[in-house]
file protein_18.txt (compact mmCIF, C-alpha atoms)
# COMPACT_ATOMS: atom_id res chain seq x y z
CA MET A 11 40.58 -159.30 226.35
CA SER A 12 41.90 -155.78 225.86
CA ALA A 13 45.17 -154.31 227.07
CA ASN A 14 43.50 -152.59 230.02
CA GLY A 15 41.40 -155.58 230.98
CA HIS A 16 37.96 -154.44 229.79
CA ASP A 17 35.69 -156.69 227.79
CA GLY A 18 35.69 -155.45 224.18
CA ALA A 19 31.91 -155.10 224.01
CA ASN A 20 31.88 -152.70 226.97
CA ARG A 21 34.74 -150.53 225.80
CA HIS A 22 34.71 -147.07 224.27
CA ILE A 23 37.21 -146.70 221.44
CA ALA A 24 37.91 -143.33 219.84
CA VAL A 25 39.15 -143.18 216.25
CA ILE A 26 40.95 -139.99 215.28
CA GLY A 27 40.65 -139.34 211.58
CA GLY A 28 37.73 -140.05 209.28
CA GLY A 29 39.57 -141.13 206.14
CA ILE A 30 39.58 -144.65 204.73
CA ILE A 31 41.89 -146.03 207.44
CA GLY A 32 39.95 -144.48 210.32
CA CYS A 33 36.53 -145.41 208.95
CA SER A 34 37.70 -148.94 208.18
CA ALA A 35 38.94 -149.21 211.78
CA ALA A 36 35.59 -147.93 213.05
CA VAL A 37 33.49 -150.36 211.04
CA HIS A 38 35.67 -153.29 212.11
CA LEU A 39 35.45 -152.26 215.76
CA LEU A 40 31.67 -152.11 215.54
CA ARG A 41 31.44 -155.45 213.77
CA SER A 42 33.68 -156.93 216.48
CA GLY A 43 31.02 -156.04 219.03
CA VAL A 44 32.39 -152.77 220.42
CA ARG A 45 29.29 -150.82 221.39
CA GLN A 46 30.74 -147.33 221.66
CA VAL A 47 32.92 -146.04 218.81
CA THR A 48 33.51 -142.32 218.31
CA ILE A 49 35.11 -141.03 215.12
CA ILE A 50 36.69 -137.62 215.59
CA ASP A 51 37.57 -135.64 212.47
CA ALA A 52 38.84 -132.08 212.14
CA GLY A 53 36.67 -131.68 209.04
CA GLN A 54 34.27 -134.11 207.41
CA PRO A 55 34.86 -137.87 206.93
CA GLY A 56 36.61 -138.64 203.65
CA ALA A 57 37.04 -134.97 202.76
CA ALA A 58 40.85 -134.81 203.01
CA THR A 59 43.42 -137.05 201.32
CA THR A 60 41.05 -140.00 200.91
CA GLY A 61 38.62 -137.82 198.98
CA ALA A 62 41.45 -136.75 196.67
CA GLY A 63 42.50 -140.37 196.10
CA ALA A 64 42.75 -141.77 192.58
CA GLY A 65 40.73 -144.79 193.69
CA PHE A 66 42.57 -147.72 192.13
CA VAL A 67 43.47 -150.87 194.03
CA SER A 68 45.77 -153.69 193.00
CA HIS A 69 48.46 -156.17 194.08
CA TRP A 70 51.34 -153.72 194.53
CA SER A 71 53.51 -156.33 196.27
CA ALA A 72 53.89 -157.92 192.84
CA GLY A 73 57.03 -156.12 191.67
CA MET A 74 55.95 -152.57 192.58
CA ILE A 75 56.28 -151.94 196.33
CA PRO A 76 58.34 -154.42 198.41
CA LEU A 77 55.74 -155.10 201.10
CA GLY A 78 56.04 -158.86 200.86
CA GLU A 79 53.37 -161.41 201.67
CA GLU A 80 51.94 -159.22 204.44
CA GLY A 81 51.42 -156.36 202.02
CA PHE A 82 49.88 -158.72 199.48
CA GLN A 83 47.38 -159.90 202.10
CA LEU A 84 46.40 -156.30 202.86
CA GLN A 85 46.01 -155.62 199.13
CA GLN A 86 43.79 -158.64 198.62
CA TYR A 87 41.76 -157.60 201.64
CA GLY A 88 41.27 -154.16 200.08
CA LEU A 89 40.07 -155.72 196.82
CA ASP A 90 37.57 -157.88 198.73
CA PHE A 91 36.48 -154.98 200.97
CA TYR A 92 35.48 -152.73 198.06
CA ARG A 93 33.76 -155.59 196.25
CA ARG A 94 31.59 -156.13 199.32
CA LEU A 95 30.94 -152.40 199.55
CA HIS A 96 29.85 -152.44 195.90
CA GLU A 97 27.52 -155.37 196.55
CA VAL A 98 25.47 -153.16 198.88
CA GLY A 99 23.92 -151.88 195.66
CA VAL A 100 24.78 -148.18 195.89
CA GLU A 101 26.96 -146.60 193.20
CA ILE A 102 30.60 -146.29 194.31
CA GLY A 103 32.16 -146.19 190.84
CA TYR A 104 33.29 -149.79 191.22
CA ARG A 105 35.04 -151.06 188.09
CA PRO A 106 36.72 -154.52 188.08
CA ASN A 107 38.82 -153.51 185.06
CA GLY A 108 42.31 -154.58 186.08
CA THR A 109 45.62 -152.72 186.25
CA LEU A 110 48.10 -152.21 183.42
CA ILE A 111 51.78 -151.73 184.36
CA MET A 112 53.12 -150.25 181.13
CA ALA A 113 56.56 -149.68 179.61
CA LEU A 114 57.39 -147.28 176.80
CA THR A 115 60.76 -148.85 175.93
CA GLU A 116 62.72 -152.08 176.18
CA ASP A 117 64.65 -150.59 179.09
CA GLY A 118 61.37 -149.71 180.80
CA ARG A 119 60.19 -153.27 180.34
CA ASP A 120 63.33 -154.66 181.97
CA ARG A 121 63.15 -152.23 184.89
CA PHE A 122 59.43 -152.04 185.59
CA VAL A 123 57.39 -154.70 183.77
CA ARG A 124 59.54 -157.79 184.04
CA PRO A 125 59.75 -157.57 187.88
CA VAL A 126 55.95 -157.53 188.00
CA LEU A 127 55.60 -160.53 185.71
CA GLU A 128 58.27 -162.49 187.60
CA SER A 129 57.20 -161.53 191.12
CA PRO A 130 56.34 -164.40 193.47
CA HIS A 131 53.26 -162.35 194.38
CA ALA A 132 52.04 -162.02 190.80
CA PRO A 133 48.59 -163.61 190.45
CA ALA A 134 48.48 -166.61 188.16
CA GLU A 135 46.21 -164.62 185.83
CA MET A 136 48.83 -161.89 185.23
CA GLN A 137 49.25 -161.33 181.48
CA ASP A 138 52.25 -160.19 179.41
CA LEU A 139 50.96 -157.86 176.67
CA ASN A 140 52.71 -156.50 173.60
CA ALA A 141 51.95 -153.09 172.10
CA VAL A 142 49.16 -154.34 169.83
CA GLN A 143 47.48 -156.16 172.70
CA ILE A 144 47.74 -153.01 174.84
CA GLY A 145 45.96 -151.04 172.13
CA GLN A 146 43.17 -153.61 172.01
CA ARG A 147 42.82 -153.79 175.79
CA MET A 148 42.80 -150.01 176.27
CA GLN A 149 40.03 -149.32 173.72
CA GLY A 150 41.52 -146.16 172.22
CA LEU A 151 42.97 -144.69 175.42
CA ILE A 152 46.55 -145.58 174.36
CA ASP A 153 48.30 -145.25 171.01
CA PRO A 154 49.99 -148.67 170.61
CA ALA A 155 52.67 -147.15 168.36
CA ARG A 156 53.96 -145.19 171.38
CA VAL A 157 54.36 -148.03 173.86
CA HIS A 158 56.37 -151.22 174.23
CA SER A 159 54.71 -153.77 176.52
CA ALA A 160 52.85 -154.20 179.78
CA ALA A 161 51.92 -156.51 182.62
CA TYR A 162 48.16 -156.72 183.02
CA ASN A 163 46.65 -157.79 186.33
CA PRO A 164 42.94 -158.52 185.77
CA HIS A 165 42.24 -158.38 189.51
CA GLY A 166 42.82 -154.63 189.86
CA ILE A 167 39.76 -152.46 190.53
CA GLN A 168 38.69 -148.82 190.55
CA VAL A 169 36.35 -146.97 192.89
CA ASP A 170 35.23 -143.39 193.37
CA THR A 171 36.64 -142.63 196.81
CA SER A 172 34.03 -140.01 197.72
CA LEU A 173 31.13 -142.29 196.79
CA ALA A 174 32.71 -145.25 198.58
CA MET A 175 33.20 -143.20 201.74
CA LYS A 176 29.53 -142.17 201.76
CA VAL A 177 28.50 -145.82 201.81
CA LEU A 178 31.08 -146.69 204.46
CA THR A 179 30.16 -143.82 206.79
CA GLY A 180 26.53 -144.78 206.38
CA GLN A 181 27.32 -148.30 207.53
CA ILE A 182 29.19 -146.93 210.55
CA SER A 183 26.19 -144.84 211.56
CA GLU A 184 23.83 -147.77 211.10
CA LEU A 185 26.02 -149.87 213.40
CA GLY A 186 25.93 -147.20 216.09
CA GLY A 187 29.17 -145.31 215.48
CA VAL A 188 29.14 -141.64 216.42
CA PHE A 189 30.87 -138.96 214.34
CA ARG A 190 32.24 -135.80 215.92
CA ASN A 191 33.02 -133.72 212.85
CA GLY A 192 34.72 -130.34 212.83
CA THR A 193 36.60 -131.32 215.99
CA ARG A 194 40.36 -131.01 216.14
CA VAL A 195 42.39 -133.25 218.44
CA THR A 196 45.16 -131.35 220.22
CA ALA A 197 46.61 -134.08 222.44
CA ILE A 198 46.24 -137.67 223.63
CA HIS A 199 47.13 -138.90 227.12
CA ASP A 200 47.28 -142.57 228.10
CA ALA A 201 46.98 -143.09 231.86
CA GLY A 202 47.14 -146.87 231.56
CA ASP A 203 43.51 -147.53 232.44
CA ARG A 204 42.06 -144.62 230.48
CA VAL A 205 42.82 -142.54 227.41
CA THR A 206 42.04 -138.83 227.46
CA ILE A 207 41.72 -137.05 224.13
CA GLU A 208 41.96 -133.27 224.23
CA THR A 209 40.07 -131.45 221.49
CA ASP A 210 39.18 -127.87 220.67
CA LYS A 211 35.65 -128.76 221.77
CA GLY A 212 36.39 -130.44 225.09
CA ARG A 213 37.70 -133.78 226.31
CA VAL A 214 36.81 -137.26 225.16
CA GLU A 215 37.42 -140.10 227.62
CA ALA A 216 37.91 -143.57 226.15
CA ASP A 217 39.36 -146.98 226.91
CA GLY A 218 41.51 -146.94 223.79
CA ALA A 219 42.24 -144.85 220.73
CA ILE A 220 43.33 -145.27 217.12
CA ALA A 221 45.20 -142.39 215.51
CA ALA A 222 44.48 -142.48 211.78
CA ALA A 223 44.90 -138.80 210.98
CA GLY A 224 47.20 -139.19 207.98
CA ALA A 225 49.33 -136.08 207.46
CA TRP A 226 48.39 -134.90 210.96
CA ASN A 227 49.26 -138.10 212.83
CA ASN A 228 52.40 -136.66 214.38
CA GLN A 229 50.53 -133.68 215.79
CA VAL A 230 47.92 -136.03 217.25
CA ILE A 231 50.38 -138.38 219.00
CA SER A 232 53.01 -135.78 219.96
CA GLY A 233 51.89 -135.82 223.60
CA LEU A 234 52.78 -139.51 223.79
CA GLY A 235 56.44 -138.73 223.13
CA TRP A 236 56.77 -140.41 219.75
CA GLN A 237 57.46 -139.08 216.24
CA LEU A 238 56.83 -141.07 213.06
CA PRO A 239 59.30 -140.64 210.16
CA LEU A 240 56.77 -139.16 207.72
CA LEU A 241 57.37 -137.01 204.66
CA ARG A 242 54.14 -135.23 203.75
CA VAL A 243 53.77 -134.62 200.02
CA VAL A 244 51.21 -132.56 198.07
CA ALA A 245 49.87 -134.79 195.30
CA THR A 246 47.65 -133.43 192.52
CA ARG A 247 45.03 -135.29 190.52
CA ILE A 248 43.55 -133.91 187.31
CA VAL A 249 40.16 -134.76 185.82
CA THR A 250 39.39 -133.80 182.23
CA ASP A 251 36.07 -133.02 180.62
CA ASP A 252 34.03 -135.98 179.38
CA ARG A 253 36.01 -137.73 176.63
CA GLY A 254 33.39 -140.39 175.93
CA LEU A 255 35.54 -143.24 177.25
CA PRO A 256 33.96 -146.61 178.09
CA SER A 257 33.85 -147.67 181.74
CA THR A 258 35.75 -150.91 181.08
CA ILE A 259 39.30 -149.54 180.70
CA PRO A 260 42.04 -150.69 183.12
CA THR A 261 44.06 -148.31 185.27
CA VAL A 262 47.46 -147.42 183.79
CA GLN A 263 50.71 -147.21 185.74
CA CYS A 264 53.76 -146.03 183.77
CA ARG A 265 56.79 -145.66 185.99
CA GLU A 266 58.95 -144.19 183.23
CA LEU A 267 56.57 -141.21 183.32
CA ARG A 268 55.85 -141.60 187.06
CA LEU A 269 52.26 -141.58 185.87
CA TRP A 270 48.97 -143.07 186.97
CA LEU A 271 45.94 -142.64 184.71
CA ARG A 272 42.41 -144.01 184.62
CA GLU A 273 38.95 -143.47 183.18
CA THR A 274 36.29 -142.02 185.46
CA PHE A 275 32.70 -141.62 184.30
CA GLY A 276 33.84 -141.02 180.69
CA ALA A 277 36.64 -138.58 181.60
CA VAL A 278 40.36 -139.12 182.19
CA MET A 279 41.82 -138.81 185.70
CA TRP A 280 45.58 -138.62 186.00
CA GLY A 281 48.55 -137.46 188.01
CA THR A 282 52.32 -137.63 187.80
CA GLY A 283 54.83 -137.96 190.61
CA ARG A 284 57.06 -135.57 188.71
CA HIS A 285 54.92 -132.75 190.09
CA TYR A 286 54.35 -133.99 193.60
CA LYS A 287 55.99 -131.65 196.09
CA PRO A 288 57.02 -132.13 199.72
CA LEU A 289 54.72 -130.07 201.89
CA TYR A 290 57.59 -128.45 203.80
CA LYS A 291 58.83 -126.95 200.50
CA THR A 292 55.54 -125.14 199.89
CA ALA A 293 54.08 -122.04 201.48
CA ASP A 294 51.44 -124.31 203.03
CA SER A 295 53.73 -126.24 205.37
CA GLU A 296 51.28 -125.77 208.24
CA ILE A 297 48.09 -126.40 206.30
CA GLU A 298 44.80 -126.83 208.06
CA PRO A 299 43.34 -130.35 208.04
CA GLY A 300 41.64 -131.03 204.72
CA GLN A 301 42.78 -130.76 201.12
CA PRO A 302 45.41 -128.28 199.92
CA HIS A 303 44.49 -125.91 197.13
CA ASN A 304 47.85 -125.08 195.57
CA THR A 305 46.78 -123.62 192.24
CA GLU A 306 50.35 -123.01 191.08
CA LEU A 307 51.26 -126.66 191.56
CA MET A 308 48.12 -127.76 189.75
CA ARG A 309 48.91 -125.49 186.78
CA GLU A 310 52.46 -126.84 186.61
CA THR A 311 51.10 -130.38 186.55
CA PHE A 312 48.51 -129.75 183.86
CA ASP A 313 50.47 -127.40 181.61
CA GLU A 314 53.84 -129.15 181.69
CA GLU A 315 52.63 -132.75 181.43
CA LEU A 316 49.77 -132.55 178.94
CA ALA A 317 51.91 -132.06 175.82
CA GLU A 318 53.89 -135.24 176.50
CA LEU A 319 50.96 -137.31 177.67
CA GLN A 320 48.60 -136.51 174.81
CA ALA A 321 51.07 -138.04 172.35
CA ILE A 322 50.59 -141.38 174.10
CA PHE A 323 46.96 -141.01 175.21
CA PRO A 324 44.88 -139.65 172.29
CA PRO A 325 41.76 -138.79 174.39
CA LEU A 326 43.85 -136.13 176.16
CA ARG A 327 44.24 -134.21 172.88
CA GLY A 328 42.02 -131.17 173.09
CA SER A 329 40.90 -132.07 176.61
CA LYS A 330 39.98 -129.40 179.11
CA LEU A 331 40.46 -129.23 182.85
CA ALA A 332 37.12 -130.12 184.47
CA SER A 333 38.24 -130.48 188.11
CA TRP A 334 41.26 -131.12 190.27
CA ALA A 335 42.03 -132.07 193.84
CA GLN A 336 45.06 -132.39 196.07
CA GLY A 337 45.82 -134.68 198.95
CA VAL A 338 48.76 -135.09 201.31
CA PRO A 339 50.00 -138.71 201.25
CA CYS A 340 52.72 -139.56 203.76
CA TYR A 341 55.89 -141.34 202.70
CA THR A 342 58.18 -143.31 204.98
CA PRO A 343 61.93 -143.86 204.39
CA ASP A 344 61.48 -147.55 203.58
CA ASN A 345 58.15 -147.12 201.77
CA GLY A 346 56.60 -149.30 204.46
CA LEU A 347 53.23 -148.88 206.10
CA VAL A 348 52.89 -148.10 209.80
CA VAL A 349 50.49 -149.75 212.25
CA GLY A 350 50.91 -150.64 215.90
CA LYS A 351 50.75 -149.38 219.44
CA VAL A 352 52.62 -146.16 220.06
CA PRO A 353 55.70 -147.22 222.05
CA GLY A 354 55.15 -146.52 225.73
CA SER A 355 51.37 -146.56 225.33
CA GLY A 356 49.29 -149.66 225.93
CA ASN A 357 46.02 -148.31 224.60
CA VAL A 358 46.81 -146.08 221.60
CA VAL A 359 47.38 -147.53 218.14
CA VAL A 360 48.61 -145.42 215.23
CA ALA A 361 48.08 -146.34 211.57
CA GLY A 362 49.37 -144.56 208.47
CA GLY A 363 52.44 -144.08 206.33
CA ASP A 364 50.37 -144.81 203.24
CA ASN A 365 53.10 -144.03 200.66
CA GLU A 366 50.36 -143.03 198.21
CA SER A 367 48.63 -146.38 198.58
CA GLY A 368 46.09 -145.55 201.27
CA VAL A 369 43.01 -146.49 199.24
CA THR A 370 44.47 -149.95 198.62
CA HIS A 371 45.81 -150.64 202.10
CA GLY A 372 43.34 -148.58 204.15
CA PRO A 373 40.74 -151.31 204.66
CA GLY A 374 43.35 -153.79 205.90
CA LEU A 375 45.22 -151.23 208.00
CA GLY A 376 41.93 -150.27 209.65
CA ARG A 377 41.16 -153.88 210.46
CA LEU A 378 44.68 -154.42 211.84
CA ALA A 379 44.41 -151.28 213.98
CA SER A 380 41.07 -152.43 215.41
CA GLU A 381 42.45 -155.87 216.26
CA LEU A 382 45.57 -154.43 217.90
CA VAL A 383 43.68 -151.93 220.07
CA LEU A 384 41.33 -154.72 221.21
CA GLY A 385 44.14 -157.17 221.90
CA GLN A 386 42.87 -159.62 219.28
CA GLN A 387 44.92 -161.88 217.04
CA PRO A 388 45.82 -159.78 213.97
CA PHE A 389 44.72 -161.23 210.65
CA VAL A 390 48.05 -160.22 209.09
CA ALA A 391 51.39 -160.45 210.91
CA PRO A 392 52.09 -156.79 211.77
CA ALA A 393 55.84 -156.98 212.51
CA ARG A 394 56.82 -155.60 209.08
CA PHE A 395 54.75 -152.48 209.80
CA ARG A 396 55.76 -151.96 213.44
CA VAL A 397 55.97 -148.37 214.65
CA GLU A 398 59.31 -148.74 216.42
CA ARG A 399 61.29 -149.99 213.41
CA TYR A 400 62.64 -146.43 213.38
CA ALA A 401 63.56 -144.72 216.63
CA SER A 402 61.45 -141.69 217.46
CA ASP A 403 64.49 -139.42 217.06
CA ALA A 404 65.87 -141.11 213.92
CA PHE A 405 64.91 -138.13 211.76
CA LYS A 406 64.91 -134.58 213.03
CA SER A 407 62.85 -133.16 210.17
CA GLU A 408 60.87 -134.04 207.07
CA ALA A 409 63.88 -132.90 205.03
CA GLU A 410 65.89 -135.71 206.63
CA VAL A 411 63.18 -138.23 205.77
CA GLU A 412 63.24 -137.00 202.17
CA ALA A 413 67.04 -137.28 202.06
CA ALA A 414 66.79 -140.94 203.09
CA MET A 415 64.30 -141.82 200.35
CA PRO A 416 66.57 -141.68 197.25
CA ALA A 417 68.68 -144.48 198.73
CA TRP A 418 65.59 -146.64 198.95
CA GLY A 419 64.44 -145.59 195.49
CA ALA A 420 67.80 -146.45 193.94
CA ARG A 421 67.64 -149.96 195.39
CA HIS A 422 64.12 -150.60 194.16
CA GLU A 423 63.93 -148.59 190.93
CA ALA A 424 61.07 -146.77 192.56
CA SER A 425 61.59 -143.03 192.58
CA ARG A 426 58.16 -141.76 193.59
CA PHE A 427 58.08 -138.02 192.95
CA GLY A 428 60.18 -135.13 191.64
CA ARG A 429 62.10 -134.97 188.39
CA SER A 430 65.40 -136.21 189.80
CA ALA A 431 66.04 -139.55 191.49

call {"tool": "encode", "arguments": {"input": "protein_18.txt", "output": "structure tokens"}}
result
Amino acid sequence: MSANGHDGANRHIAVIGGGIIGCSAAVHLLRSGVRQVTIIDAGQPGAATTGAGAGFVSHWSAGMIPLGEEGFQLQQYGLDFYRRLHEVGVEIGYRPNGTLIMALTEDGRDRFVRPVLESPHAPAEMQDLNAVQIGQRMQGLIDPARVHSAAYNPHGIQVDTSLAMKVLTGQISELGGVFRNGTRVTAIHDAGDRVTIETDKGRVEADGAIAAAGAWNNQVISGLGWQLPLLRVVATRIVTDDRGLPSTIPTVQCRELRLWLRETFGAVMWGTGRHYKPLYKTADSEIEPGQPHNTELMRETFDEELAELQAIFPPLRGSKLASWAQGVPCYTPDNGLVVGKVPGSGNVVVAGGDNESGVTHGPGLGRLASELVLGQQPFVAPARFRVERYASDAFKSEAEVEAAMPAWGARHEASRFGRSA
């Protein structure tokens, strides 16, 4: 039974945001028997931060992000979700290649690899690799003479986020979900027995709503009197020309370089947190929904990082820029996800705070959001991710959220972006 007393099958639930979290919520609502689900997106589904996602999924609770058992359950759910999406039989760039958490030095091993290997959430199949074994595993992508050791999780996967979203949105349509694209939400009002969603194309009346608008969540829920502590960051991904790489190479995470890197259809896709930039520090602080196109930041990323990276990754030598994209992941002060009812509202759930892990956690966050808005038993205990763990007025600005993050990073050896800790 739902919060406002309606039977779930007869309810109308609106989902605001057509990224991976919103579309996951929509498909779970429909599979739960909700007959009327409307997905409202200011642009096109999957065309914003999800579409710019690097597309790798793994067990980040194992020594990387302190999300505990609850986070691990969401991560495993994401792995299973994309496997099932792949089994539909349509190409989504699914690669069950594993994830390599790599160190360049002995110090890097102690700080970043050992915690992964010794984590209580490390799968039993986790492997401790030396430099020679890394070279063999990475099939020419890494020069073993330049690295020290790594933790290899064979359960990690890769997907092409744009291709995966096409399959997912197709499933939503087949189940009866309705998309209202190119429609911007300006306000939400919860009257207790009804939710009214104001848009630039008229009102939408619903029994409940899920706000999954990513970098625009605070604008969407502002009328409900609550502010999430989100730092919006412009993240750049680079894709090289075809380097002839095999499709069986694991994803690489190197926290000494603040680097992620993977193969994609023969090319190399990569990005470094050293050139992520808080949105409020750019000229695009009030960007329209969608993907940023900060050419200067892209050039800084490509030009300043390539010289260092190509010494470690030989296929980058002589590579050319084939394409690039930018998204706006949202960081929280404690690096924790956010999902739950907006305080003071019985019928509006908000989900987000991806901390650059939305592709991994999006499927599980969407399922949790759907269960919470329907009043069902959540499949993962949501207390760790509760909205009200920070008061609405705890941070007056994104600058204050950013200022709180180094303290967290120092505790967890997890500085996420920028050149200084």

call {"tool": "closest_residue", "arguments": {"input": "protein_18.txt", "among": "A:Arg194, A:Arg399, A:Arg147, A:Arg119", "to": "A:Asp210", "atoms": "all atoms listed in the file"}}
result
A:Arg194

call {"tool": "atom_distance", "arguments": {"input": "protein_18.txt", "atom1": "atom CA of A:Gln149", "atom2": "atom CA of A:Thr370"}}
result
25.3 Å

call {"tool": "residues_around", "arguments": {"input": "protein_18.txt", "residues": "stretch 177-180 of chain A", "least_positions_apart": "2", "cutoff": "10 Å", "atoms": "only C-alpha atoms", "output": "list of chain:residue names"}}
result
A:Gly28, A:Gly29, A:Ile30, A:Cys33, A:Ser34, A:Ala36, A:Val37, A:Pro55, A:Gly56, A:Tyr92, A:Leu95, A:His96, A:Val98, A:Gly99, A:Val100, A:Glu101, A:Ile102, A:Ser172, A:Leu173, A:Ala174, A:Met175, A:Ile182, A:Ser183, A:Glu184, A:Leu185, A:Gly187, A:Val188, A:Phe189

call {"tool": "closest_residue", "arguments": {"input": "protein_18.txt", "among": "A:Val230, A:Leu110, A:Val47, A:Ala197", "to": "A:Pro299", "atoms": "only C-alpha atoms"}}
result
A:Val230

call {"tool": "closest_atom_pairs", "arguments": {"input": "protein_18.txt", "of": "stretch 187-253 of chain A", "to": "stretch 326-337 of chain A", "cutoff": "8 Å", "atoms": "all atoms listed in the file", "output": "tab-separated table"}}
result
residue	atom	partner	partner_atom	distance
A:Val244	CA	A:Gly337	CA	5.9
A:Ala245	CA	A:Gln336	CA	5.4
A:Thr246	CA	A:Gln336	CA	4.5
A:Arg247	CA	A:Ala335	CA	5.5
A:Ile248	CA	A:Trp334	CA	4.7
A:Val249	CA	A:Ser333	CA	5.2
A:Thr250	CA	A:Leu331	CA	4.7
A:Asp251	CA	A:Ala332	CA	4.9
A:Arg253	CA	A:Ser329	CA	7.5

call {"tool": "atom_distance", "arguments": {"input": "protein_18.txt", "atom1": "atom CA of A:Gly254", "atom2": "atom CA of A:Ile152"}}
result
14.2 Å

call {"tool": "decode", "arguments": {"input": "protein_18.txt", "residues": "stretch 62-80 of chain A", "atoms": "C-alpha atoms", "output": "mmCIF file, in the first residue's frame"}}
result
data_model
loop_
_atom_site.group_PDB
_atom_site.id
_atom_site.type_symbol
_atom_site.label_atom_id
_atom_site.label_comp_id
_atom_site.auth_asym_id
_atom_site.auth_seq_id
_atom_site.Cartn_x
_atom_site.Cartn_y
_atom_site.Cartn_z
ATOM 1 C CA ALA A 62 28.945 10.752 -20.884
ATOM 2 C CA GLY A 63 29.584 7.934 -18.407
ATOM 3 C CA ALA A 64 32.694 5.783 -18.690
ATOM 4 C CA GLY A 65 30.532 2.680 -18.371
ATOM 5 C CA PHE A 66 32.462 0.486 -15.959
ATOM 6 C CA VAL A 67 30.874 -1.266 -12.992
ATOM 7 C CA SER A 68 32.545 -3.014 -10.087
ATOM 8 C CA HIS A 69 32.551 -3.673 -6.333
ATOM 9 C CA TRP A 70 33.660 -0.223 -5.152
ATOM 10 C CA SER A 71 32.817 -1.017 -1.519
ATOM 11 C CA ALA A 72 35.899 -3.251 -1.573
ATOM 12 C CA GLY A 73 38.504 -0.733 -0.406
ATOM 13 C CA MET A 74 37.548 2.117 -2.753
ATOM 14 C CA ILE A 75 34.406 3.917 -1.542
ATOM 15 C CA PRO A 76 33.238 3.294 2.055
ATOM 16 C CA LEU A 77 29.625 2.426 1.263
ATOM 17 C CA GLY A 78 29.621 -0.742 3.334
ATOM 18 C CA GLU A 79 27.474 -3.804 2.796
ATOM 19 C CA GLU A 80 24.574 -1.704 1.493
#
